[in-house]
Structures are given as C-alpha cells and as structure tokens.
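J.: Following this line is coords_23.txt, made up of compact mmCIF, C-alpha atoms:
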```txt
# COMPACT_ATOMS: atom_id res chain seq x y z
CA MET A 1041 0.00 0.00 0.00
CA LEU A 1042 2.80 2.42 0.90
CA TRP A 1043 4.54 1.63 -2.39
CA MET A 1044 1.33 2.30 -4.36
CA LEU A 1045 0.81 5.61 -2.54
CA GLY A 1046 4.40 6.57 -3.36
CA THR A 1047 3.92 5.71 -7.02
CA ILE A 1048 0.73 7.80 -7.22
CA SER A 1049 2.58 10.68 -5.58
CA ILE A 1050 5.43 10.37 -8.08
CA ILE A 1051 2.94 10.59 -10.95
CA LEU A 1052 1.14 13.62 -9.46
CA ASN A 1053 4.40 15.41 -8.62
CA THR A 1054 5.66 14.75 -12.14
CA LEU A 1055 2.52 16.35 -13.55
CA CYS A 1056 2.90 19.35 -11.21
CA THR A 1057 6.59 19.81 -11.96
CA ALA A 1058 6.09 19.51 -15.71
CA GLY A 1059 3.08 21.83 -15.66
CA ALA A 1060 4.90 24.48 -13.65
CA GLY A 1061 7.97 24.22 -15.91
CA VAL A 1062 5.89 24.56 -19.07
CA GLY A 1063 3.99 27.45 -17.51
CA MET A 1064 7.23 29.27 -16.75
CA VAL A 1065 8.60 28.78 -20.25
CA VAL A 1066 5.36 29.84 -21.93
CA GLY A 1067 4.99 32.81 -19.57
CA PHE A 1068 8.54 33.93 -20.26
CA VAL A 1069 8.05 33.67 -24.03
CA PHE A 1070 4.84 35.68 -23.90
CA PHE A 1071 6.56 38.22 -21.65
CA LEU A 1072 9.31 38.64 -24.22
CA ILE A 1073 6.74 39.05 -26.99
CA GLY A 1074 4.91 41.70 -24.97
CA PHE A 1075 8.19 43.31 -23.94
CA GLY A 1076 8.85 44.35 -27.54
CA GLY A 1077 5.48 46.06 -27.79
CA MET A 1078 5.93 47.84 -24.46
CA LYS A 1079 9.27 49.25 -25.53
CA ASN A 1080 7.64 51.59 -28.03
CA ARG A 1081 5.54 53.25 -25.31
CA SER A 1082 8.32 53.78 -22.76
CA HIS A 1083 11.32 55.98 -23.15
CA THR A 1084 13.67 54.48 -20.56
CA LEU A 1085 14.51 50.94 -19.60
CA GLY A 1086 14.05 51.74 -15.91
CA SER A 1087 10.47 52.87 -16.33
CA LEU A 1088 9.80 49.82 -18.49
CA LEU A 1089 11.19 47.41 -15.88
CA MET A 1090 9.32 49.11 -13.04
CA SER A 1091 5.96 49.20 -14.80
CA LYS A 1092 2.95 47.57 -13.17
CA ASP A 1093 2.64 44.94 -15.89
CA THR A 1094 6.27 43.88 -15.61
CA LEU A 1095 6.08 43.61 -11.82
CA MET A 1096 2.87 41.55 -12.02
CA ILE A 1097 4.40 39.17 -14.56
CA MET A 1098 7.63 38.78 -12.60
CA GLY A 1099 5.68 38.21 -9.37
CA THR A 1100 3.54 35.54 -10.99
CA MET A 1101 6.62 33.89 -12.49
CA GLY A 1102 8.29 33.99 -9.06
CA VAL A 1103 5.35 32.20 -7.45
CA VAL A 1104 5.43 29.54 -10.17
CA LEU A 1105 9.22 29.19 -9.83
CA VAL A 1106 8.95 28.52 -6.08
CA TYR A 1107 6.18 26.00 -6.75
CA PHE A 1108 8.33 24.33 -9.43
CA LEU A 1109 11.29 24.04 -7.06
CA LEU A 1110 9.17 22.64 -4.22
CA SER A 1111 7.43 20.18 -6.50
CA SER A 1112 10.67 18.92 -8.04
CA TRP A 1113 12.22 18.61 -4.56
CA ASN A 1114 9.25 16.51 -3.44
CA LEU A 1115 9.48 14.43 -6.60
CA ARG A 1116 13.16 13.66 -6.03
CA MET A 1117 12.65 12.73 -2.39
CA MET A 1118 9.58 10.65 -3.17
CA GLY A 1119 11.62 8.71 -5.73
CA ASP A 1120 14.40 8.13 -3.18
CA THR A 1121 11.91 7.00 -0.55
CA THR A 1122 9.75 4.78 -2.76
CA PHE A 1123 12.62 3.26 -4.77
CA PRO A 1124 15.66 3.43 -2.43
CA GLY A 1125 17.90 1.27 -4.57
CA MET A 1126 20.99 -0.26 -2.98
CA LEU A 1127 21.12 2.19 -0.06
CA GLY A 1128 18.01 0.59 1.42
CA SER A 1129 16.53 1.73 4.69
CA ALA A 1130 19.17 4.39 5.43
CA ILE A 1131 18.04 6.60 2.55
CA ARG A 1132 14.40 5.72 3.24
CA ASP A 1133 14.60 7.00 6.84
CA VAL A 1134 16.30 10.28 5.95
CA SER A 1135 14.11 10.89 2.90
CA GLY A 1136 10.94 10.08 4.84
CA ARG A 1137 11.59 12.78 7.44
CA GLN A 1138 12.63 15.30 4.80
CA LEU A 1139 9.62 14.39 2.70
CA LEU A 1140 7.28 15.18 5.59
CA ASN A 1141 8.83 18.63 5.98
CA ALA A 1142 8.85 19.26 2.24
CA GLY A 1143 5.29 18.00 1.89
CA ILE A 1144 4.03 20.38 4.58
CA LEU A 1145 5.92 23.27 2.98
CA ASN A 1146 4.55 22.32 -0.45
CA ALA A 1147 1.00 22.07 0.88
CA LEU A 1148 1.24 25.50 2.53
CA TRP A 1149 2.75 27.15 -0.57
CA THR A 1150 0.26 25.48 -2.91
CA THR A 1151 -2.72 26.59 -0.85
CA MET A 1152 -1.34 30.09 -0.37
CA SER A 1153 -0.47 30.57 -4.03
CA LEU A 1154 -3.68 29.05 -5.45
CA TYR A 1155 -6.11 30.89 -3.21
CA TRP A 1156 -4.35 34.08 -2.18
CA LEU A 1157 -1.22 35.06 -4.13
CA LEU A 1158 -2.23 34.34 -7.71
CA PRO A 1159 -5.90 35.45 -7.66
CA LYS A 1160 -5.79 38.34 -5.16
CA VAL A 1161 -2.27 39.77 -5.16
CA PHE A 1162 -1.27 39.23 -8.80
CA ASN A 1163 -4.80 39.28 -10.28
CA PHE A 1164 -4.08 36.10 -12.24
CA GLY A 1165 -7.48 34.47 -11.92
CA ARG A 1166 -8.19 30.97 -10.80
CA LEU A 1167 -6.82 27.91 -12.50
CA GLY A 1168 -9.15 25.12 -13.57
CA LEU A 1169 -10.63 22.76 -11.00
CA LYS A 1170 -8.69 19.80 -12.40
CA VAL A 1171 -5.36 21.62 -12.03
CA GLN A 1172 -6.22 22.69 -8.48
CA LEU A 1173 -7.19 19.13 -7.52
CA ILE A 1174 -3.98 17.69 -8.94
CA ALA A 1175 -1.82 20.27 -7.14
CA LEU A 1176 -3.61 19.90 -3.81
CA SER A 1177 -3.76 16.10 -3.97
CA ALA A 1178 -0.03 15.90 -4.79
CA ALA A 1179 0.75 18.01 -1.72
CA GLY A 1180 -1.69 16.04 0.44
CA ILE A 1181 -0.29 12.67 -0.64
CA ASN A 1182 3.25 13.91 0.06
CA VAL A 1183 2.26 14.80 3.62
CA LEU A 1184 0.35 11.53 4.09
CA TYR A 1185 3.23 9.45 2.73
CA GLY A 1186 5.72 11.35 4.90
CA ILE A 1187 3.60 10.74 8.01
CA LEU A 1188 3.17 7.04 7.21
CA ASN A 1189 6.87 6.66 6.46
CA VAL A 1190 7.95 8.33 9.71
CA VAL A 1191 5.43 6.35 11.78
CA THR A 1192 6.33 2.96 10.28
CA THR A 1193 10.11 3.37 10.65
```
Translate the structure described by the file into structure tokens.

T.:
Amino acid sequence: MLWMLGTISIILNTLCTAGAGVGMVVGFVFFLIGFGGMKNRSHTLGSLLMSKDTLMIMGTMGVVLVYFLLSSWNLRMMGDTTFPGMLGSAIRDVSGRQLLNAGILNALWTTMSLYWLLPKVFNFGRLGLKVQLIALSAAGINVLYGILNVVTT
C-alpha cells in the first residue's frame, strides 16, 4: 500500500513539476513578446522594468518558480523513498523525514499561491478545477506518505 501511494505521488508530482515548468517557459516567451510592444511606449529601460505589468508578470513567475522548485524537490525525495535502490533503509529514513517537511511546505505554498497570491495579489485568476485538484492532492499525498513513512520506521 505504501509503495502504491508513493507511485501515485510520483505521478502527481511529475505532472505538477512539468506543468509548472511549461507554464514558466510559456509565460517567459509571452513576456518577451509583450516586452517588444511595451518598448515603443516607454522611453527608458528603468520605467519599463518598473511598470505595473512587468512587476505583475515577474511576481507571478516567481510564485510559479517557487512551486516548481518545491514540487521537483518533493518528486526527487519521493523517488528516493519509494525506490531506495541499494542504499536501502538508510536513505528511506532520511528521505521520509525530509519528505514530511517538504510535503508540509509544499501544501502551505500550494494553498497560499492558489487561493491568495495568484488570484488576489497578482490578479491572475483561478486555475481550472482539475489543475487545483492535482496540485492539492499531490501536496496532500506527500504529507500523508511522509507521516506514514515516519510512523512505520
């Protein structure tokens, strides 16, 4: 059962990491496309970089970058814990405790960014229900797996 939960978490974290990475690349490309059009309206580079649009885009990209880093960190630790290889229980014990901490941090950041930072602070709008469920379930399964791993060892 623990192995199956770990495998499901690996799949969900892979989806979250890939989605956040693609979102950052696409967002950066669209920012560069819009950056050329904004240059005609502004006279100095400083006023262009400090514009409201640029700060909103960079803030949104920063939130997604932190989510990408947390999600990839959880993915790496979940892989080490679920498939420890030749190191066996030594890596499983260390990764289980770290996974619990990273899972809690990921759950807090995911909730904060989905329901407060992106829609209210950066005026990004809500993501689809399916995306929200995948992100929240990945964080929840990380916490659950970390708790079960710490309790059983």

J.: Taking into account all atoms listed in the file, which residue in the set A:Gly1136, A:Pro1159, A:Gly1168, A:Gly1119 is nearest to Ile1187 of chain A?

T.: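 Among the listed residues, A:Gly1136 lies closest to Ile1187 of chain A.
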
J.: Taking (5.7, 41.1, -11.1) in the file's own coordinates, collect the residues within 12 Å, counting all atoms listed in the file, and hand them back as an mmCIF file with C-alpha atoms, in the coordinates of the input.

T.:
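Here's the written file part.cif:
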```cif
data_model
loop_
_atom_site.group_PDB
_atom_site.id
_atom_site.type_symbol
_atom_site.label_atom_id
_atom_site.label_comp_id
_atom_site.auth_asym_id
_atom_site.auth_seq_id
_atom_site.Cartn_x
_atom_site.Cartn_y
_atom_site.Cartn_z
ATOM 1 C CA GLY A 1067 4.990 32.810 -19.570
ATOM 2 C CA PHE A 1068 8.540 33.930 -20.260
ATOM 3 C CA PHE A 1071 6.560 38.220 -21.650
ATOM 4 C CA LEU A 1089 11.190 47.410 -15.880
ATOM 5 C CA MET A 1090 9.320 49.110 -13.040
ATOM 6 C CA SER A 1091 5.960 49.200 -14.800
ATOM 7 C CA LYS A 1092 2.950 47.570 -13.170
ATOM 8 C CA ASP A 1093 2.640 44.940 -15.890
ATOM 9 C CA THR A 1094 6.270 43.880 -15.610
ATOM 10 C CA LEU A 1095 6.080 43.610 -11.820
ATOM 11 C CA MET A 1096 2.870 41.550 -12.020
ATOM 12 C CA ILE A 1097 4.400 39.170 -14.560
ATOM 13 C CA MET A 1098 7.630 38.780 -12.600
ATOM 14 C CA GLY A 1099 5.680 38.210 -9.370
ATOM 15 C CA THR A 1100 3.540 35.540 -10.990
ATOM 16 C CA MET A 1101 6.620 33.890 -12.490
ATOM 17 C CA GLY A 1102 8.290 33.990 -9.060
ATOM 18 C CA VAL A 1103 5.350 32.200 -7.450
ATOM 19 C CA VAL A 1104 5.430 29.540 -10.170
ATOM 20 C CA LEU A 1157 -1.220 35.060 -4.130
ATOM 21 C CA LEU A 1158 -2.230 34.340 -7.710
ATOM 22 C CA VAL A 1161 -2.270 39.770 -5.160
ATOM 23 C CA PHE A 1162 -1.270 39.230 -8.800
ATOM 24 C CA ASN A 1163 -4.800 39.280 -10.280
ATOM 25 C CA PHE A 1164 -4.080 36.100 -12.240
#
```

J.: Do you have the atom CA of Arg1166 of chain A-atom CA of Val1066 of chain A distance handy?

T.: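 One can read the atom CA of Arg1166 of chain A to atom CA of Val1066 of chain A distance as 17.6 Å.
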
J.: Pick the closest to Thr1047 of chain A from A:Gln1172, A:Thr1192, A:Asn1182, A:Ser1135: which is it, counting all atoms listed in the file?

T.: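 Ranked by minimum distance to Thr1047 of chain A, first place goes to A:Asn1182.
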
J.: At what distance in Å, to one decimal, does atom CA of Met1041 of chain A lie from atom CA of Tyr1107 of chain A?

T.: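 Result for atom CA of Tyr1107 of chain A versus atom CA of Met1041 of chain A: 27.6 Å, one decimal.
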
J.: Could you check which residues have any atom within 8 Å of (4.8, 2.2, 1.6), counting only C-alpha atoms with coordinates taken straight from the file, and then list them as a list in words?

T.: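 Looking at atoms near the point gives Met1041, Leu1042, Trp1043, Met1044, Leu1045, Gly1046, Thr1122, Tyr1185, Leu1188 and Asn1189 of chain A.
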
J.: When distances are computed from only C-alpha atoms, which of A:Ile1048, A:Phe1108, A:Leu1176, A:Gly1165 shows the smallest separation from Gly1061 of chain A?

T.: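 Comparing A:Ile1048, A:Phe1108, A:Leu1176, A:Gly1165 against Gly1061 of chain A, the winner is A:Phe1108.
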
J.: Do you know which residues are at most 12 Å from Val1171 of chain A counting only C-alpha atoms, after dropping those on the same chain fewer than 3 positions away, and could you put them as a PDB file with C-alpha atoms, in the frame of the given file?

T.:
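Generated output (result.pdb):
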```
ATOM      1  CA  LEU A1052       1.140  13.620  -9.460  1.00  0.00           C
ATOM      2  CA  LEU A1055       2.520  16.350 -13.550  1.00  0.00           C
ATOM      3  CA  CYS A1056       2.900  19.350 -11.210  1.00  0.00           C
ATOM      4  CA  GLY A1059       3.080  21.830 -15.660  1.00  0.00           C
ATOM      5  CA  ALA A1060       4.900  24.480 -13.650  1.00  0.00           C
ATOM      6  CA  THR A1150       0.260  25.480  -2.910  1.00  0.00           C
ATOM      7  CA  LEU A1154      -3.680  29.050  -5.450  1.00  0.00           C
ATOM      8  CA  ARG A1166      -8.190  30.970 -10.800  1.00  0.00           C
ATOM      9  CA  LEU A1167      -6.820  27.910 -12.500  1.00  0.00           C
ATOM     10  CA  GLY A1168      -9.150  25.120 -13.570  1.00  0.00           C
ATOM     11  CA  ILE A1174      -3.980  17.690  -8.940  1.00  0.00           C
ATOM     12  CA  ALA A1175      -1.820  20.270  -7.140  1.00  0.00           C
ATOM     13  CA  LEU A1176      -3.610  19.900  -3.810  1.00  0.00           C
ATOM     14  CA  SER A1177      -3.760  16.100  -3.970  1.00  0.00           C
ATOM     15  CA  ALA A1178      -0.030  15.900  -4.790  1.00  0.00           C
TER      16      ALA A1178
END
```

J.: What's the separation between atom CA of Gln1138 of chain A and atom CA of Asp1120 of chain A, in Å to one decimal place?

T.: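 Computing it gives 10.9 Å between the two atoms.
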
J.: Given all atoms listed in the file as the basis, pick out the residue of A:Leu1072, A:Leu1139, A:Ala1179, A:Met1152 nearest to Thr1057 of chain A.

T.: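 Of A:Leu1072, A:Leu1139, A:Ala1179, A:Met1152, the one nearest Thr1057 of chain A is A:Ala1179, counting all atoms listed in the file.
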
J.: Counting only C-alpha atoms, which of A:Tyr1155, A:Gly1074, A:Met1064, A:Ala1142 gets nearest to Ile1181 of chain A?

T.: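 Closest candidate: A:Ala1142.
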